[in-house]
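The data block below is final.cif; it holds mmCIF, N, CA and C atoms.
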data_work
loop_
_atom_site.label_atom_id
_atom_site.label_comp_id
_atom_site.auth_asym_id
_atom_site.auth_seq_id
_atom_site.Cartn_x
_atom_site.Cartn_y
_atom_site.Cartn_z
N MET A 1 -0.87 -17.58 1.02
CA MET A 1 -0.46 -18.67 1.88
C MET A 1 0.56 -18.20 2.91
N VAL A 2 1.53 -17.40 2.46
CA VAL A 2 2.57 -16.92 3.37
C VAL A 2 1.97 -16.04 4.46
N MET A 3 0.99 -15.21 4.09
CA MET A 3 0.36 -14.34 5.09
C MET A 3 -0.36 -15.17 6.15
N HIS A 4 -1.04 -16.23 5.74
CA HIS A 4 -1.73 -17.08 6.70
C HIS A 4 -0.74 -17.75 7.64
N GLN A 5 0.39 -18.19 7.10
CA GLN A 5 1.42 -18.79 7.94
C GLN A 5 1.98 -17.77 8.92
N ALA A 6 2.24 -16.57 8.45
CA ALA A 6 2.78 -15.53 9.31
C ALA A 6 1.78 -15.16 10.42
N VAL A 7 0.51 -15.11 10.10
CA VAL A 7 -0.51 -14.85 11.11
C VAL A 7 -0.45 -15.95 12.18
N GLY A 8 -0.34 -17.18 11.75
CA GLY A 8 -0.23 -18.30 12.69
C GLY A 8 1.00 -18.20 13.57
N ILE A 9 2.11 -17.77 13.00
CA ILE A 9 3.35 -17.60 13.76
C ILE A 9 3.16 -16.54 14.83
N VAL A 10 2.58 -15.41 14.44
CA VAL A 10 2.36 -14.33 15.40
C VAL A 10 1.34 -14.75 16.46
N MET A 11 0.33 -15.50 16.07
CA MET A 11 -0.65 -15.99 17.03
C MET A 11 0.04 -16.85 18.09
N ALA A 12 0.91 -17.75 17.65
CA ALA A 12 1.61 -18.63 18.57
C ALA A 12 2.62 -17.86 19.41
N LEU A 13 3.36 -16.98 18.78
CA LEU A 13 4.40 -16.23 19.47
C LEU A 13 3.80 -15.28 20.51
N GLY A 14 2.76 -14.59 20.13
CA GLY A 14 2.17 -13.58 21.01
C GLY A 14 0.97 -14.04 21.80
N ARG A 15 0.53 -15.29 21.53
CA ARG A 15 -0.70 -15.80 22.16
C ARG A 15 -1.85 -14.83 21.93
N LEU A 16 -2.02 -14.49 20.66
CA LEU A 16 -3.03 -13.53 20.24
C LEU A 16 -4.04 -14.19 19.32
N PRO A 17 -5.26 -13.68 19.27
CA PRO A 17 -6.22 -14.15 18.27
C PRO A 17 -5.81 -13.66 16.88
N ALA A 18 -6.39 -14.25 15.86
CA ALA A 18 -6.00 -13.98 14.48
C ALA A 18 -6.11 -12.50 14.11
N HIS A 19 -7.19 -11.83 14.51
CA HIS A 19 -7.34 -10.42 14.13
C HIS A 19 -6.24 -9.55 14.72
N GLN A 20 -5.80 -9.86 15.92
CA GLN A 20 -4.72 -9.09 16.52
C GLN A 20 -3.37 -9.44 15.89
N ALA A 21 -3.20 -10.69 15.51
CA ALA A 21 -1.96 -11.10 14.83
C ALA A 21 -1.83 -10.36 13.50
N ARG A 22 -2.94 -10.22 12.78
CA ARG A 22 -2.91 -9.45 11.53
C ARG A 22 -2.55 -7.98 11.80
N SER A 23 -3.06 -7.44 12.88
CA SER A 23 -2.73 -6.06 13.25
C SER A 23 -1.24 -5.93 13.57
N VAL A 24 -0.68 -6.94 14.21
CA VAL A 24 0.76 -6.94 14.51
C VAL A 24 1.55 -6.90 13.21
N LEU A 25 1.18 -7.73 12.25
CA LEU A 25 1.89 -7.74 10.97
C LEU A 25 1.81 -6.39 10.28
N THR A 26 0.66 -5.76 10.33
CA THR A 26 0.49 -4.44 9.72
C THR A 26 1.36 -3.41 10.43
N GLU A 27 1.37 -3.45 11.75
CA GLU A 27 2.16 -2.49 12.52
C GLU A 27 3.66 -2.68 12.26
N VAL A 28 4.11 -3.92 12.23
CA VAL A 28 5.53 -4.19 11.96
C VAL A 28 5.89 -3.70 10.56
N SER A 29 5.01 -3.94 9.62
CA SER A 29 5.22 -3.49 8.25
C SER A 29 5.38 -1.98 8.20
N GLN A 30 4.53 -1.27 8.90
CA GLN A 30 4.59 0.20 8.90
C GLN A 30 5.85 0.70 9.59
N ARG A 31 6.19 0.09 10.72
CA ARG A 31 7.39 0.52 11.46
C ARG A 31 8.66 0.27 10.66
N ALA A 32 8.71 -0.86 9.96
CA ALA A 32 9.91 -1.24 9.22
C ALA A 32 9.91 -0.66 7.81
N ASP A 33 8.79 -0.09 7.39
CA ASP A 33 8.63 0.43 6.03
C ASP A 33 8.91 -0.66 4.99
N ILE A 34 8.32 -1.83 5.26
CA ILE A 34 8.44 -2.99 4.37
C ILE A 34 7.02 -3.52 4.15
N SER A 35 6.73 -4.02 2.97
CA SER A 35 5.38 -4.49 2.68
C SER A 35 4.98 -5.64 3.63
N PRO A 36 3.69 -5.73 3.93
CA PRO A 36 3.23 -6.82 4.79
C PRO A 36 3.59 -8.20 4.23
N LEU A 37 3.54 -8.36 2.92
CA LEU A 37 3.89 -9.64 2.33
C LEU A 37 5.36 -9.97 2.57
N ARG A 38 6.22 -8.98 2.47
CA ARG A 38 7.65 -9.19 2.72
C ARG A 38 7.89 -9.54 4.19
N ILE A 39 7.20 -8.84 5.10
CA ILE A 39 7.30 -9.16 6.54
C ILE A 39 6.87 -10.60 6.77
N ALA A 40 5.77 -10.99 6.14
CA ALA A 40 5.28 -12.37 6.28
C ALA A 40 6.34 -13.37 5.80
N GLY A 41 6.97 -13.08 4.67
CA GLY A 41 8.01 -13.95 4.16
C GLY A 41 9.20 -14.05 5.11
N LEU A 42 9.59 -12.93 5.69
CA LEU A 42 10.70 -12.94 6.63
C LEU A 42 10.37 -13.74 7.88
N LEU A 43 9.12 -13.61 8.36
CA LEU A 43 8.72 -14.37 9.54
C LEU A 43 8.67 -15.87 9.28
N THR A 44 8.16 -16.25 8.13
CA THR A 44 8.10 -17.69 7.83
C THR A 44 9.50 -18.25 7.61
N ALA A 45 10.39 -17.47 7.03
CA ALA A 45 11.78 -17.92 6.87
C ALA A 45 12.46 -18.02 8.23
N TRP A 46 12.13 -17.12 9.13
CA TRP A 46 12.70 -17.11 10.47
C TRP A 46 12.44 -18.42 11.20
N THR A 47 11.27 -19.01 10.99
CA THR A 47 10.94 -20.25 11.69
C THR A 47 11.83 -21.41 11.26
N SER A 48 12.35 -21.35 10.05
CA SER A 48 13.20 -22.45 9.58
C SER A 48 14.69 -22.16 9.73
N CYS A 49 15.09 -20.88 9.59
CA CYS A 49 16.52 -20.57 9.65
C CYS A 49 16.94 -20.00 10.99
N GLY A 50 16.00 -19.48 11.76
CA GLY A 50 16.32 -18.95 13.07
C GLY A 50 16.90 -17.55 13.07
N GLU A 51 16.91 -16.87 11.92
CA GLU A 51 17.47 -15.53 11.85
C GLU A 51 16.40 -14.53 11.44
N LEU A 52 16.38 -13.41 12.16
CA LEU A 52 15.47 -12.33 11.85
C LEU A 52 16.17 -11.02 12.18
N ASN A 53 16.10 -10.07 11.27
CA ASN A 53 16.71 -8.76 11.46
C ASN A 53 16.32 -8.21 12.83
N LEU A 54 17.29 -7.68 13.56
CA LEU A 54 17.05 -7.18 14.90
C LEU A 54 15.99 -6.08 14.94
N GLY A 55 16.02 -5.17 13.98
CA GLY A 55 15.02 -4.11 13.94
C GLY A 55 13.62 -4.64 13.76
N ILE A 56 13.48 -5.65 12.91
CA ILE A 56 12.16 -6.26 12.69
C ILE A 56 11.73 -7.03 13.93
N ARG A 57 12.68 -7.71 14.56
CA ARG A 57 12.36 -8.46 15.78
C ARG A 57 11.89 -7.50 16.88
N MET A 58 12.57 -6.38 17.01
CA MET A 58 12.17 -5.40 18.02
C MET A 58 10.79 -4.83 17.71
N ALA A 59 10.53 -4.52 16.44
CA ALA A 59 9.22 -4.01 16.04
C ALA A 59 8.14 -5.05 16.30
N LEU A 60 8.46 -6.31 16.05
CA LEU A 60 7.52 -7.41 16.30
C LEU A 60 7.20 -7.51 17.78
N ASP A 61 8.22 -7.49 18.62
CA ASP A 61 8.01 -7.57 20.07
C ASP A 61 7.17 -6.40 20.57
N GLU A 62 7.47 -5.19 20.09
CA GLU A 62 6.71 -4.01 20.51
C GLU A 62 5.25 -4.08 20.06
N ALA A 63 5.04 -4.54 18.83
CA ALA A 63 3.67 -4.64 18.31
C ALA A 63 2.87 -5.70 19.08
N ILE A 64 3.51 -6.80 19.42
CA ILE A 64 2.83 -7.83 20.21
C ILE A 64 2.47 -7.28 21.59
N ARG A 65 3.41 -6.60 22.23
CA ARG A 65 3.12 -5.99 23.54
C ARG A 65 1.97 -5.00 23.44
N SER A 66 1.97 -4.22 22.38
CA SER A 66 0.91 -3.24 22.17
C SER A 66 -0.46 -3.92 22.04
N GLN A 67 -0.51 -5.00 21.29
CA GLN A 67 -1.78 -5.72 21.11
C GLN A 67 -2.22 -6.39 22.40
N ARG A 68 -1.29 -6.93 23.15
CA ARG A 68 -1.65 -7.54 24.45
C ARG A 68 -2.21 -6.47 25.38
N HIS A 69 -1.56 -5.32 25.40
CA HIS A 69 -2.00 -4.23 26.27
C HIS A 69 -3.41 -3.77 25.87
N ALA A 70 -3.70 -3.79 24.61
CA ALA A 70 -5.00 -3.35 24.10
C ALA A 70 -6.13 -4.24 24.57
N THR A 71 -5.83 -5.49 24.93
CA THR A 71 -6.90 -6.42 25.34
C THR A 71 -7.06 -6.51 26.84
N ARG A 72 -6.15 -5.90 27.60
CA ARG A 72 -6.26 -5.97 29.05
C ARG A 72 -7.32 -4.99 29.54
N PRO A 73 -8.09 -5.43 30.52
CA PRO A 73 -9.05 -4.49 31.11
C PRO A 73 -8.28 -3.39 31.84
N THR A 74 -8.77 -2.16 31.75
CA THR A 74 -8.06 -1.03 32.34
C THR A 74 -8.65 -0.59 33.68
N GLY A 75 -9.81 -1.04 34.00
CA GLY A 75 -10.43 -0.62 35.24
C GLY A 75 -11.05 -1.80 35.96
N PRO A 76 -11.76 -1.53 37.03
CA PRO A 76 -12.42 -2.63 37.76
C PRO A 76 -13.49 -3.28 36.90
N ALA A 77 -13.69 -4.55 37.13
CA ALA A 77 -14.69 -5.30 36.38
C ALA A 77 -16.08 -4.81 36.74
N ALA A 78 -16.94 -4.72 35.75
CA ALA A 78 -18.32 -4.31 35.99
C ALA A 78 -19.13 -5.49 36.51
N ASP A 79 -20.03 -5.20 37.40
CA ASP A 79 -20.89 -6.27 37.95
C ASP A 79 -22.12 -6.44 37.14
#

Represent the supplied structure as structure tokens.
Amino acid sequence: MVMHQAVGIVMALGRLPAHQARSVLTEVSQRADISPLRIAGLLTAWTSCGELNLGIRMALDEAIRSQRHATRPTGPAAD
């Protein structure tokens, strides 16, 4: 349940589809060396208390930017 909530939070925060939001959670988990379930718990707590560790917040922002960049077209559109 917590993972689903965290995916929803990342989807809303990053304006990402669910599969990319899950990738963000995985990336943040790896960068912070914290389990994905623990990251999910911290994110869901953040929505109610308004506090999130700065390192995790920075990793979250970077992972969201990375996922957004991954979806942008890199060249001219094909006809």

Kindly give the distance, in Å, that separates atom CA of A:Gly50 and atom C of A:His19, rounded to a single decimal. 24.5 Å

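One finds atom CA of A:His69 at 28.6 Å from atom N of A:Met1.
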
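Using only C-alpha atoms, the contacts of stretch 33-43 of chain A at a cut-off of 7 Å, with sequence neighbours closer than 6 positions omitted, comprise Val2, Met3, Ala6, Leu25 and Thr26 of chain A.
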
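Atom CA of A:Leu13 is found 15.3 Å from atom N of A:Cys49.
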
Quick one: axis-aligned box around all listed atoms of stretch 29-40 of chain A, 5 Å on every side, centre and edge lengths in Å to one decimal, written as JSON.
{"center_x": 6.6, "center_y": -6.3, "center_z": 6.9, "size_x": 16.7, "size_y": 24.1, "size_z": 19.1}

If you run DSSP over the backbone, which residues in chain A end up alpha helix (DSSP H)? Put them as number ranges by chain. A: 2-14, 18-32, 36-49, 54-71

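Closest to A:Arg65 among A:Arg22, A:Val28, A:Thr44, A:Gly14 is A:Gly14, based on all atoms listed in the file.
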
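Comparing A:Gly8, A:Arg68, A:Ile56, A:Asp61 by their smallest distance to A:Ser29, the closest is A:Ile56 (using only C-alpha atoms).
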
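Among A:Ala32, A:Leu16, A:Ala45, A:Val24, the residue with the shortest atom-to-atom distance to A:Glu62, counting all atoms listed in the file, is A:Val24.
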
Compile the contact shell of A:Ala18 as a VMD selection string: residues with an atom at most 6.5 Å away, counting all atoms listed in the file, same-chain residues fewer than 5 positions apart removed. chain A and resid 7 11 23

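The neighbours of A:Ala59 here are the residues that come within 7 Å of it, using all atoms listed in the file and leaving out any residue fewer than 4 positions away in the same chain; they are Glu27, Val28, Arg31, Ala32, Leu54, Gly55, Ala63 and Ile64 of chain A.
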
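Considering the residues A:Asn53, A:Gln30, A:Thr47, A:Ser66 and counting only C-alpha atoms, A:Ala12 has its shortest atom-to-atom contact with A:Thr47.
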